[in-house]
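The next block is my_file-v8.cif, given as mmCIF, C-alpha atoms.
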```
data_input
loop_
_atom_site.label_atom_id
_atom_site.label_comp_id
_atom_site.auth_asym_id
_atom_site.auth_seq_id
_atom_site.Cartn_x
_atom_site.Cartn_y
_atom_site.Cartn_z
CA GLN A 1483 0.00 0.00 0.00
CA PHE A 1484 1.34 3.41 -0.98
CA SER A 1485 -0.25 6.08 1.18
CA THR A 1486 0.51 9.48 2.60
CA GLY A 1487 -2.20 9.17 5.23
CA GLY A 1488 -5.85 10.02 5.36
CA SER A 1489 -8.55 7.51 6.05
CA ASN A 1490 -9.90 5.15 3.42
CA ARG A 1491 -8.88 7.46 0.60
CA PRO A 1492 -10.04 6.67 -2.94
CA ALA A 1493 -7.67 4.02 -4.21
CA ILE A 1494 -6.09 2.54 -7.29
CA TRP A 1495 -5.51 -1.22 -7.39
CA LEU A 1496 -2.71 -2.74 -9.47
CA ASP A 1497 -1.90 -6.41 -9.77
CA THR A 1498 0.83 -8.31 -11.57
CA GLY A 1499 1.57 -12.02 -11.77
CA ILE A 1500 -1.96 -13.36 -11.75
CA HIS A 1501 -0.78 -15.72 -14.49
CA ALA A 1502 2.31 -17.47 -13.24
CA ARG A 1503 4.32 -17.72 -16.47
CA GLU A 1504 4.03 -14.03 -17.31
CA TRP A 1505 7.30 -13.24 -15.55
CA ILE A 1506 7.72 -9.78 -17.09
CA THR A 1507 4.69 -8.71 -15.03
CA GLN A 1508 5.96 -9.54 -11.56
CA ALA A 1509 9.28 -7.93 -12.50
CA THR A 1510 7.48 -4.84 -13.79
CA GLY A 1511 5.55 -4.77 -10.52
CA VAL A 1512 8.77 -4.60 -8.53
CA TRP A 1513 10.17 -1.82 -10.72
CA THR A 1514 6.91 0.11 -10.55
CA ALA A 1515 6.77 -0.16 -6.76
CA ASN A 1516 10.17 1.43 -6.55
CA LYS A 1517 9.18 4.08 -9.10
CA ILE A 1518 6.06 5.11 -7.20
CA ALA A 1519 8.00 5.46 -3.95
CA LYS A 1520 10.85 7.30 -5.64
CA GLU A 1521 8.69 9.79 -7.53
CA TYR A 1522 6.60 10.96 -4.61
CA GLY A 1523 7.81 14.45 -3.90
CA GLN A 1524 9.66 14.53 -7.23
CA ASP A 1525 7.12 14.06 -9.98
CA PRO A 1526 4.15 16.44 -9.77
CA SER A 1527 1.63 13.85 -11.02
CA VAL A 1528 2.70 11.11 -8.62
CA THR A 1529 2.74 13.61 -5.79
CA ALA A 1530 -0.74 14.87 -6.65
CA ILE A 1531 -2.07 11.32 -6.84
CA LEU A 1532 -0.60 10.18 -3.53
CA ASP A 1533 -1.60 13.37 -1.78
CA SER A 1534 -5.24 12.42 -2.13
CA MET A 1535 -5.35 8.74 -3.14
CA ASP A 1536 -3.80 5.44 -2.11
CA ILE A 1537 -2.23 2.92 -4.46
CA PHE A 1538 -2.40 -0.81 -3.77
CA LEU A 1539 -0.04 -3.07 -5.69
CA GLU A 1540 -0.11 -6.86 -5.48
CA ILE A 1541 3.02 -8.19 -7.17
CA VAL A 1542 2.85 -11.99 -6.94
CA THR A 1543 -0.87 -12.43 -7.25
CA ASN A 1544 -0.57 -16.16 -7.96
CA PRO A 1545 2.20 -17.31 -5.59
CA ASP A 1546 1.65 -21.06 -5.94
CA GLY A 1547 1.71 -20.82 -9.71
CA PHE A 1548 4.78 -18.61 -9.63
CA ALA A 1549 6.64 -21.06 -7.37
CA PHE A 1550 5.71 -23.83 -9.78
CA THR A 1551 7.19 -21.95 -12.73
CA HIS A 1552 10.46 -21.90 -10.83
CA SER A 1553 10.45 -25.47 -9.58
CA SER A 1554 8.76 -27.47 -12.29
CA ASN A 1555 7.13 -25.92 -15.34
CA ARG A 1556 8.17 -22.52 -16.60
CA LEU A 1557 5.04 -22.28 -18.73
CA TRP A 1558 2.46 -22.89 -16.00
CA ARG A 1559 -0.41 -20.39 -16.11
CA LYS A 1560 -3.08 -21.27 -13.58
CA THR A 1561 -3.33 -21.62 -9.82
CA ARG A 1562 -2.29 -24.93 -8.25
CA SER A 1563 -5.62 -25.97 -6.80
CA ILE A 1564 -6.46 -29.64 -6.78
CA ASN A 1565 -9.54 -30.29 -8.91
CA ALA A 1566 -11.85 -32.88 -7.40
CA GLY A 1567 -12.16 -35.94 -9.59
CA SER A 1568 -9.48 -34.86 -12.04
CA ARG A 1569 -5.79 -35.52 -12.42
CA CYS A 1570 -5.41 -32.00 -13.78
CA VAL A 1571 -4.43 -29.20 -11.44
CA GLY A 1572 -5.25 -25.53 -11.41
CA VAL A 1573 -7.85 -22.93 -12.26
CA ASP A 1574 -7.36 -19.95 -14.55
CA PRO A 1575 -7.55 -17.05 -12.11
CA ASN A 1576 -8.53 -14.73 -14.95
CA ARG A 1577 -11.68 -16.73 -15.70
CA ASN A 1578 -12.70 -17.20 -12.09
CA TRP A 1579 -14.33 -13.82 -11.43
CA ASP A 1580 -18.06 -13.38 -11.11
CA ALA A 1581 -18.74 -11.52 -14.35
CA GLY A 1582 -19.90 -13.59 -17.27
CA PHE A 1583 -18.56 -16.55 -15.30
CA GLY A 1584 -18.57 -19.77 -17.31
CA GLY A 1585 -19.13 -17.94 -20.57
CA ALA A 1586 -17.39 -18.02 -23.93
CA GLY A 1587 -13.63 -18.14 -23.78
CA SER A 1588 -13.54 -20.20 -20.60
CA SER A 1589 -13.75 -23.94 -20.11
CA SER A 1590 -15.43 -26.35 -17.70
CA ASN A 1591 -12.60 -28.85 -18.25
CA PRO A 1592 -10.10 -28.85 -15.35
CA CYS A 1593 -7.34 -29.78 -17.81
CA SER A 1594 -7.86 -26.61 -19.83
CA GLU A 1595 -5.65 -23.56 -19.44
CA VAL A 1596 -8.82 -21.46 -19.25
CA TYR A 1597 -10.67 -23.68 -16.76
CA HIS A 1598 -12.95 -21.31 -14.88
CA GLY A 1599 -13.08 -23.35 -11.70
CA PRO A 1600 -16.00 -25.06 -9.92
CA HIS A 1601 -17.64 -21.70 -9.16
CA ALA A 1602 -16.86 -17.99 -9.27
CA HIS A 1603 -14.26 -16.88 -6.71
CA SER A 1604 -13.41 -20.49 -5.87
CA GLU A 1605 -9.72 -19.56 -5.97
CA ARG A 1606 -8.40 -18.03 -2.78
CA GLU A 1607 -6.13 -15.74 -4.78
CA VAL A 1608 -9.20 -14.26 -6.44
CA ARG A 1609 -11.39 -14.32 -3.31
CA ALA A 1610 -8.74 -12.37 -1.41
CA ILE A 1611 -8.89 -9.51 -3.91
CA VAL A 1612 -12.69 -9.59 -4.16
CA ASP A 1613 -12.97 -9.41 -0.38
CA PHE A 1614 -10.40 -6.64 -0.16
CA ILE A 1615 -11.96 -4.44 -2.82
CA ARG A 1616 -15.48 -4.96 -1.44
CA ALA A 1617 -14.40 -4.21 2.12
CA HIS A 1618 -12.38 -1.17 1.06
CA GLY A 1619 -15.38 0.28 -0.70
CA ASN A 1620 -13.48 3.16 -2.29
CA VAL A 1621 -11.42 1.61 -5.07
CA LYS A 1622 -11.75 3.77 -8.17
CA SER A 1623 -9.53 1.88 -10.61
CA VAL A 1624 -8.31 -1.68 -11.14
CA ILE A 1625 -5.34 -2.27 -13.45
CA SER A 1626 -4.49 -5.94 -13.95
CA ILE A 1627 -1.21 -6.63 -15.69
CA HIS A 1628 -0.50 -9.57 -17.98
CA SER A 1629 1.78 -10.56 -20.83
CA TYR A 1630 2.21 -10.94 -23.75
CA SER A 1631 0.70 -9.23 -26.82
CA GLN A 1632 1.26 -5.50 -26.26
CA MET A 1633 -2.30 -4.40 -25.69
CA LEU A 1634 -4.25 -2.08 -23.42
CA LEU A 1635 -7.70 -3.52 -22.84
CA PHE A 1636 -10.90 -2.51 -21.06
CA PRO A 1637 -14.27 -4.22 -20.48
CA TYR A 1638 -16.00 -6.22 -21.63
CA GLY A 1639 -14.56 -9.63 -22.32
CA TYR A 1640 -17.75 -11.54 -21.62
CA ARG A 1641 -19.83 -9.72 -24.20
CA ARG A 1642 -19.20 -7.90 -27.44
CA ALA A 1643 -21.57 -5.03 -26.71
CA PRO A 1644 -19.65 -1.90 -25.66
CA ALA A 1645 -19.55 -0.97 -22.00
CA PRO A 1646 -21.40 2.23 -21.05
CA ASP A 1647 -18.08 4.04 -20.56
CA HIS A 1648 -16.55 2.70 -23.75
CA GLN A 1649 -15.91 6.10 -25.31
CA GLU A 1650 -14.07 7.51 -22.33
CA MET A 1651 -12.01 4.35 -21.78
CA ASN A 1652 -11.17 4.18 -25.46
CA GLU A 1653 -9.89 7.79 -25.47
CA LEU A 1654 -7.83 7.19 -22.34
CA ALA A 1655 -6.40 3.98 -23.78
CA LYS A 1656 -5.46 5.79 -26.98
CA LYS A 1657 -3.52 8.41 -25.01
CA ALA A 1658 -1.84 5.88 -22.74
CA VAL A 1659 -0.72 3.75 -25.65
CA SER A 1660 0.65 6.78 -27.45
CA ASP A 1661 2.66 7.85 -24.41
CA LEU A 1662 3.98 4.30 -24.06
CA ALA A 1663 5.09 4.24 -27.68
CA ALA A 1664 6.86 7.57 -27.25
CA VAL A 1665 9.45 5.95 -24.98
CA PHE A 1666 11.02 3.30 -27.25
CA GLY A 1667 8.59 2.97 -30.16
CA THR A 1668 6.81 -0.11 -28.80
CA LYS A 1669 3.44 -0.43 -30.51
CA TYR A 1670 0.38 -1.42 -28.51
CA SER A 1671 -3.12 -2.00 -29.76
CA TYR A 1672 -6.12 -1.14 -27.59
CA GLY A 1673 -9.83 -1.69 -27.22
CA SER A 1674 -12.30 -3.86 -25.37
CA ILE A 1675 -11.16 -7.37 -24.48
CA ALA A 1676 -13.81 -9.00 -26.65
CA ASN A 1677 -13.00 -6.95 -29.72
CA THR A 1678 -9.23 -6.79 -29.40
CA ILE A 1679 -8.10 -10.17 -28.10
CA TYR A 1680 -10.95 -12.67 -27.68
CA MET A 1681 -14.18 -13.31 -25.80
CA ALA A 1682 -13.40 -14.24 -22.22
CA GLY A 1683 -15.89 -14.73 -19.42
CA GLY A 1684 -14.99 -14.30 -15.77
CA THR A 1685 -12.13 -11.82 -16.07
CA THR A 1686 -10.77 -9.57 -13.33
CA ILE A 1687 -11.62 -6.26 -14.93
CA ASP A 1688 -15.12 -7.25 -16.04
CA TRP A 1689 -15.88 -8.09 -12.40
CA ALA A 1690 -14.30 -4.86 -11.19
CA TYR A 1691 -16.23 -2.80 -13.74
CA ASP A 1692 -19.56 -4.49 -12.99
CA SER A 1693 -18.84 -3.94 -9.29
CA GLY A 1694 -18.69 -0.21 -9.87
CA VAL A 1695 -14.97 0.30 -10.48
CA LYS A 1696 -15.22 2.46 -13.58
CA TYR A 1697 -11.55 2.69 -14.59
CA SER A 1698 -10.71 -0.97 -15.08
CA PHE A 1699 -7.94 -1.85 -17.50
CA THR A 1700 -5.80 -4.83 -18.41
CA LEU A 1701 -2.37 -4.44 -19.87
CA GLU A 1702 -0.66 -7.11 -21.95
CA LEU A 1703 3.04 -6.27 -21.81
CA ARG A 1704 5.90 -7.18 -24.19
CA ASP A 1705 6.47 -8.81 -26.48
CA SER A 1706 4.33 -9.67 -29.49
CA GLY A 1707 5.48 -13.29 -29.83
CA ARG A 1708 9.20 -13.50 -30.52
CA TYR A 1709 10.06 -14.47 -26.94
CA GLY A 1710 6.51 -14.51 -25.58
CA PHE A 1711 6.54 -15.61 -21.96
CA LEU A 1712 10.32 -16.11 -22.02
CA LEU A 1713 11.14 -12.43 -22.40
CA PRO A 1714 14.86 -11.84 -21.82
CA SER A 1715 15.58 -10.20 -18.49
CA SER A 1716 17.43 -7.46 -20.36
CA GLN A 1717 13.97 -6.26 -21.39
CA ILE A 1718 12.63 -5.88 -17.86
CA VAL A 1719 13.77 -2.32 -17.26
CA PRO A 1720 12.85 -1.08 -20.78
CA THR A 1721 9.42 -2.69 -20.48
CA ALA A 1722 8.71 -1.25 -17.06
CA THR A 1723 10.09 2.13 -18.14
CA GLU A 1724 7.81 2.42 -21.17
CA THR A 1725 4.77 1.07 -19.31
CA TRP A 1726 5.08 3.67 -16.58
CA PRO A 1727 3.75 6.65 -18.58
CA ALA A 1728 0.71 4.58 -19.58
CA LEU A 1729 0.01 3.68 -15.97
CA LEU A 1730 0.50 7.29 -14.95
CA ASP A 1731 -1.95 8.51 -17.63
CA ILE A 1732 -4.61 6.20 -16.23
CA MET A 1733 -3.90 7.15 -12.62
CA VAL A 1734 -3.93 10.88 -13.40
CA HIS A 1735 -7.22 10.48 -15.25
CA VAL A 1736 -8.68 8.67 -12.24
CA LEU A 1737 -7.48 11.48 -9.96
CA GLU A 1738 -8.98 14.16 -12.21
CA HIS A 1739 -12.30 12.41 -12.74
CA PRO A 1740 -13.66 11.54 -9.31
CA TYR A 1741 -16.94 9.70 -9.14
CA ASP B 728 -15.86 -15.68 -49.24
CA ILE B 729 -15.65 -18.20 -52.02
CA ASP B 730 -18.77 -20.35 -52.17
CA ASP B 731 -18.19 -24.02 -51.47
CA VAL B 732 -14.46 -23.42 -51.21
CA GLY B 733 -13.59 -21.28 -48.21
CA HIS B 734 -12.29 -17.89 -47.20
CA LYS B 735 -9.50 -16.18 -49.05
CA TYR B 736 -7.41 -13.38 -47.56
CA TYR B 737 -5.26 -10.96 -49.51
CA LEU B 738 -2.44 -9.63 -47.39
CA GLU B 739 0.17 -6.92 -47.69
CA LEU B 740 2.95 -7.65 -45.27
CA GLU B 741 6.13 -6.02 -44.19
CA LEU B 742 8.88 -8.39 -43.13
CA GLU B 743 11.31 -7.09 -40.57
CA ASP B 744 14.67 -8.76 -40.24
CA VAL B 745 14.92 -9.58 -36.55
CA LEU B 746 18.71 -9.58 -36.83
CA ASP B 747 18.85 -6.27 -38.69
CA LYS B 748 16.00 -4.12 -37.45
CA ASP B 749 16.31 -1.34 -40.03
CA ARG B 750 15.80 -3.75 -42.86
CA THR B 751 12.26 -4.36 -44.07
CA VAL B 752 10.97 -6.13 -47.15
CA SER B 753 7.44 -5.94 -48.51
CA CYS B 754 5.49 -9.03 -49.43
CA THR B 755 2.07 -9.89 -50.67
CA ALA B 756 0.30 -13.11 -49.84
CA GLU B 757 -2.90 -14.98 -50.57
CA VAL B 758 -4.16 -17.35 -47.92
CA LEU B 759 -7.07 -19.69 -48.52
CA TYR B 760 -8.69 -21.38 -45.55
CA HIS B 761 -10.66 -24.37 -46.78
CA LEU B 762 -14.29 -24.61 -45.82
CA GLY B 763 -15.03 -26.86 -42.88
CA SER B 764 -11.87 -28.88 -43.24
CA LYS B 765 -9.98 -29.18 -40.00
CA THR B 766 -7.38 -31.51 -41.37
CA SER B 767 -6.24 -29.45 -44.29
CA ALA B 768 -3.64 -26.71 -43.98
CA PRO B 769 -4.47 -23.35 -45.57
CA ASP B 770 -3.10 -22.75 -49.08
CA VAL B 771 -0.49 -20.02 -49.07
CA GLN B 772 1.04 -18.10 -51.96
CA LEU B 773 3.71 -15.56 -51.13
CA THR B 774 5.54 -13.02 -53.26
CA VAL B 775 8.55 -11.25 -51.82
CA GLN B 776 9.08 -7.84 -53.33
CA GLY B 777 12.68 -7.06 -52.73
CA GLU B 778 15.74 -8.86 -51.57
CA LEU B 779 16.47 -10.71 -48.41
CA ARG B 780 19.99 -10.08 -47.20
CA SER B 781 22.62 -12.69 -47.88
CA THR B 782 23.68 -14.86 -44.98
CA GLU B 783 26.06 -17.00 -47.01
CA GLU B 784 29.09 -16.50 -44.75
CA ALA B 785 27.27 -17.17 -41.52
CA ASP B 786 25.45 -20.13 -43.04
CA LYS B 787 28.69 -21.70 -44.16
CA GLU B 788 30.35 -21.13 -40.80
CA PHE B 789 27.44 -22.72 -38.93
CA TYR B 790 27.25 -25.64 -41.36
CA ASN B 791 30.94 -26.42 -41.03
CA ARG B 792 30.84 -26.07 -37.26
CA ILE B 793 27.99 -28.56 -36.89
CA ARG B 794 29.42 -30.98 -39.44
CA SER B 795 32.70 -31.10 -37.57
CA LEU B 796 31.18 -31.88 -34.17
CA GLU B 797 32.42 -35.19 -32.78
CA LYS B 798 29.21 -35.85 -30.89
CA GLU B 799 25.78 -34.93 -32.20
CA LEU B 800 24.49 -31.66 -30.82
CA VAL B 801 21.86 -31.97 -28.08
CA ALA B 802 20.29 -29.06 -26.27
CA GLU B 803 17.20 -28.18 -24.32
CA ASN B 804 15.14 -25.20 -23.16
CA ILE B 805 15.94 -22.61 -25.78
CA PRO B 806 15.48 -19.89 -24.62
CA ASP B 807 15.96 -20.74 -20.96
CA SER B 808 13.57 -19.58 -18.25
CA HIS B 809 15.09 -16.10 -18.30
CA GLY B 810 14.88 -15.69 -22.07
CA ASN B 811 18.59 -16.33 -22.64
CA VAL B 812 20.00 -18.16 -25.65
CA PRO B 813 23.71 -18.99 -25.64
CA PRO B 814 25.26 -17.44 -28.77
CA GLU B 815 26.35 -20.78 -30.22
CA LEU B 816 22.76 -22.00 -30.04
CA GLU B 817 21.25 -18.95 -31.70
CA PRO B 818 21.30 -20.55 -35.20
CA ILE B 819 19.55 -23.60 -33.76
CA HIS B 820 16.95 -21.26 -32.26
CA LEU B 821 16.46 -19.68 -35.69
CA LEU B 822 16.07 -23.07 -37.37
CA ALA B 823 13.55 -24.01 -34.71
CA TRP B 824 11.58 -20.92 -35.75
CA VAL B 825 11.55 -22.20 -39.30
CA ALA B 826 10.39 -25.62 -38.14
CA SER B 827 7.70 -24.00 -35.98
CA GLY B 828 6.56 -22.04 -39.05
CA TYR B 829 5.84 -25.32 -40.79
CA VAL B 830 3.97 -26.79 -37.83
CA ILE B 831 1.97 -23.59 -37.36
CA TRP B 832 1.06 -23.47 -41.04
CA GLN B 833 -0.10 -27.08 -40.97
CA ASN B 834 -2.25 -26.54 -37.89
CA SER B 835 -3.69 -23.07 -38.40
CA THR B 836 -7.34 -22.19 -38.84
CA GLU B 837 -9.03 -18.80 -38.84
CA ASN B 838 -9.44 -19.23 -35.07
CA THR B 839 -5.92 -20.04 -33.97
CA LYS B 840 -2.90 -17.88 -33.22
CA PHE B 841 0.30 -19.77 -32.59
CA HIS B 842 3.71 -18.68 -31.44
CA LEU B 843 6.81 -20.72 -30.67
CA ALA B 844 7.03 -20.63 -26.86
CA GLN B 845 10.23 -22.60 -26.39
CA VAL B 846 12.45 -25.24 -27.94
CA LYS B 847 12.06 -27.96 -25.35
CA HIS B 848 14.61 -30.30 -26.88
CA VAL B 849 16.77 -30.52 -29.98
CA LYS B 850 18.88 -33.41 -31.15
CA GLN B 851 21.10 -33.42 -34.18
CA VAL B 852 20.98 -36.59 -36.25
CA LYS B 853 24.01 -37.28 -38.41
CA ARG B 854 23.20 -38.14 -42.00
CA ASN B 855 25.00 -39.79 -44.89
CA ASP B 856 24.04 -37.01 -47.27
CA GLU B 857 24.97 -33.33 -47.00
CA ASP B 858 21.95 -32.12 -45.09
CA LEU B 859 21.98 -31.28 -41.43
CA GLN B 860 19.12 -32.91 -39.55
CA PHE B 861 17.63 -31.61 -36.31
CA ASP B 862 14.88 -33.41 -34.43
CA PHE B 863 12.97 -30.85 -32.39
CA VAL B 864 10.44 -30.99 -29.61
CA LEU B 865 8.82 -27.56 -29.83
CA LEU B 866 6.38 -25.99 -27.42
CA LEU B 867 3.81 -23.96 -29.28
CA HIS B 868 1.61 -21.46 -27.47
CA GLU B 869 -1.88 -21.05 -28.88
CA MET B 870 -3.32 -17.68 -27.94
CA VAL B 871 -7.07 -18.37 -28.03
CA SER B 872 -7.04 -21.53 -25.92
CA GLN B 873 -3.86 -20.46 -24.08
CA GLU B 874 -2.61 -24.02 -24.40
CA VAL B 875 1.07 -24.84 -24.72
CA LEU B 876 1.33 -27.84 -27.01
CA PRO B 877 4.41 -30.00 -27.59
CA TRP B 878 5.20 -30.89 -31.17
CA GLU B 879 7.86 -33.17 -32.61
CA VAL B 880 9.24 -32.01 -35.92
CA THR B 881 12.30 -32.88 -37.94
CA LEU B 882 14.05 -30.21 -39.97
CA LEU B 883 16.62 -30.71 -42.70
CA TRP B 884 18.88 -27.79 -43.64
CA HIS B 885 21.59 -27.15 -46.17
CA PRO B 886 23.33 -23.81 -46.81
CA GLN B 887 22.38 -23.72 -50.48
CA ARG B 888 19.22 -25.82 -50.48
CA GLY B 889 17.70 -24.18 -47.43
CA ALA B 890 15.29 -25.72 -44.92
CA ARG B 891 12.62 -28.36 -45.37
CA VAL B 892 10.50 -30.65 -43.30
CA PRO B 893 10.74 -34.16 -44.68
CA GLN B 894 7.45 -35.94 -45.35
CA SER B 895 7.43 -39.20 -43.43
#
```
Just give me the structure as structure tokens.
Amino acid sequence: QFSTGGSNRPAIWLDTGIHAREWITQATGVWTANKIAKEYGQDPSVTAILDSMDIFLEIVTNPDGFAFTHSSNRLWRKTRSINAGSRCVGVDPNRNWDAGFGGAGSSSNPCSEVYHGPHAHSEREVRAIVDFIRAHGNVKSVISIHSYSQMLLFPYGYRRAPAPDHQEMNELAKKAVSDLAAVFGTKYSYGSIANTIYMAGGTTIDWAYDSGVKYSFTLELRDSGRYGFLLPSSQIVPTATETWPALLDIMVHVLEHPY
Amino acid sequence: DIDDVGHKYYLELELEDVLDKDRTVSCTAEVLYHLGSKTSAPDVQLTVQGELRSTEEADKEFYNRIRSLEKELVAENIPDSHGNVPPELEPIHLLAWVASGYVIWQNSTENTKFHLAQVKHVKQVKRNDEDLQFDFVLLLHEMVSQEVLPWEVTLLWHPQRGARVPQS
């Protein structure tokens, strides 16, 4: 939690590492944590944000999965829950949220990489965030960070119809992506999950949005397929560095558009 | 849409040389996905408009290096968990890309998006003719299903004749 005080200030939630194999995200989380702390009192935007809002950052959102990518299978995606009656382990934590749960783009097969789980919020990693955000009651933005594909996405994934705030989110995404590209030329596409990547029921940001968190975005970091999940560690700092202005654009917008 | 045949796509592509970022070459392609058929690879016609840079020197050097190995080359996990590829294995990595291109072509539909995730294993097989042979186990990541699928594929390569996947 990054906070300069107050009591239950409006907050921004960031998470990285919900999918275990997306190692660039946990690393970017660490870099970003340092950046936020460093820039308070230095950068006017960060200072303005933290003077009236809190930032919450969960870096290893799927710890069991992450441990497994180190010990056994570098390309593991899901949680490590035991599935009753199946030899296959794990639930896709980004299909386990209660928004379009069980819909297109998720699977009822425990062996699938997009297995949605026995019921919404069955995964403790997901439940913990749901409980936190509900109890907090004043979260104004959820930014969930993934890799790879180089995209900035907003709801919905569980339906093709545009979200009520589509226009505003689209404009903000356009700006964020442009500011990201200005750093090293890295090109991102943007749009709703359903129209930009694929239909996906039960995603983090669809739940957040339907729970009243208007500014809900997902980032898909580098690269676009050459290294994929196995992004060289030499790209950690450049990736985090270019992503920062995009994150800041969103956070500044949240600050300047209270609701 | 072509009635009773399938869907044809006309593409204008720009190829970027990964090893020489400033170099791009334009291509056009026609891709025909056959109607209903899940077992048939799409038909592809490609025209390259321009020249690909010559890699004759590097090709020859690699070829001679592999041919003169006492023991057949064996390697695994390319790149490794941290995205590293030892320099001497970089050409093997590039050949694996070629092999993955074949596998991806053979298994693509309008609803798949494959990338090579990792070379799980590669074994050189010495041959009596002049080709180099590499038996790969490739891990392919499919974006829509998010599955990582292992695939065995053999690639033959020769500096002048190029790469091909033998039909078994």
Expand the PyMOL selection byres ((chain A) within 12 of (chain B)) into the individual residues it matches in the shown file, reporting them as a ChimeraX atom specification. /A:1501,1503-1506,1509,1551-1560,1574,1576,1586-1589,1591,1593-1597,1629-1631,1676,1678-1682,1705-1718
Contacts of B:Leu742 within 12 Å, only C-alpha atoms, excl. fewer than 4 positions in-chain, as a count of residues only: 19
Suppose you want the space between atom CA of A:Arg1569 and atom CA of A:Ala1610; what is it in Å? 25.8 Å
Between atom CA of A:Asp1525 and atom CA of A:Pro1727, what distance in Å does the model show, to one decimal?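 Interatomic distance here is 11.8 Å.
Of the residues listed (B:Ile793, B:Leu859, B:Ala785, B:Val732), B:Leu859 shows the shortest atom-to-atom separation from B:Ala890; distances use all atoms listed in the file.
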Hits of the PyMOL selection byres ((chain B and resi 880) around 12) in this structure, as a VMD selection string: chain B and resid 822 to 831 833 846 to 850 860 to 867 877 to 879 881 to 883 891 to 895
Run the PyMOL selection byres ((chain B and resi 768) around 8) mentally over the shown coordinates, then write out the matched residues as a PyMOL selection string, using the chain letters and numbers from the document. chain B and resi 760-761+765-767+769-770+832-836
Residues near A:Ala1581, cut-off 10 Å, all atoms listed in the file, skip fewer than 5 positions along chain, as a PyMOL selection string: chain A and resi 1602+1638-1640+1682-1693
Please determine, counting all atoms listed in the file, which residue among A:Lys1669, A:Arg1616, A:Arg1606, A:Lys1622 has the shortest atom-to-atom distance to A:Ile1500.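 Once distances to A:Ile1500 are computed over all atoms listed in the file, the minimum belongs to A:Arg1606.
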Straight-line distance linking atom CA of A:Asn1652 with atom CA of A:Asn1677, stated in Å to one decimal: 12.1 Å
Pick from A:Glu1653, A:Phe1699, A:His1618, A:Gly1584, whichever lies nearest to A:Pro1637 using only C-alpha atoms: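 Smallest separation from A:Pro1637 among the options: A:Phe1699.
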Counting only C-alpha atoms, I want the residues whose atoms come within 10 Å of (-10.1, -30.0, -12.1) in the file frame, returned as an mmCIF file with C-alpha atoms, in the frame of the given file.
```cif
data_model
loop_
_atom_site.group_PDB
_atom_site.id
_atom_site.type_symbol
_atom_site.label_atom_id
_atom_site.label_comp_id
_atom_site.auth_asym_id
_atom_site.auth_seq_id
_atom_site.Cartn_x
_atom_site.Cartn_y
_atom_site.Cartn_z
ATOM 1 C CA SER A 1563 -5.620 -25.970 -6.800
ATOM 2 C CA ILE A 1564 -6.460 -29.640 -6.780
ATOM 3 C CA ASN A 1565 -9.540 -30.290 -8.910
ATOM 4 C CA ALA A 1566 -11.850 -32.880 -7.400
ATOM 5 C CA GLY A 1567 -12.160 -35.940 -9.590
ATOM 6 C CA SER A 1568 -9.480 -34.860 -12.040
ATOM 7 C CA ARG A 1569 -5.790 -35.520 -12.420
ATOM 8 C CA CYS A 1570 -5.410 -32.000 -13.780
ATOM 9 C CA VAL A 1571 -4.430 -29.200 -11.440
ATOM 10 C CA GLY A 1572 -5.250 -25.530 -11.410
ATOM 11 C CA VAL A 1573 -7.850 -22.930 -12.260
ATOM 12 C CA SER A 1590 -15.430 -26.350 -17.700
ATOM 13 C CA ASN A 1591 -12.600 -28.850 -18.250
ATOM 14 C CA PRO A 1592 -10.100 -28.850 -15.350
ATOM 15 C CA CYS A 1593 -7.340 -29.780 -17.810
ATOM 16 C CA SER A 1594 -7.860 -26.610 -19.830
ATOM 17 C CA TYR A 1597 -10.670 -23.680 -16.760
ATOM 18 C CA HIS A 1598 -12.950 -21.310 -14.880
ATOM 19 C CA GLY A 1599 -13.080 -23.350 -11.700
ATOM 20 C CA PRO A 1600 -16.000 -25.060 -9.920
#
```
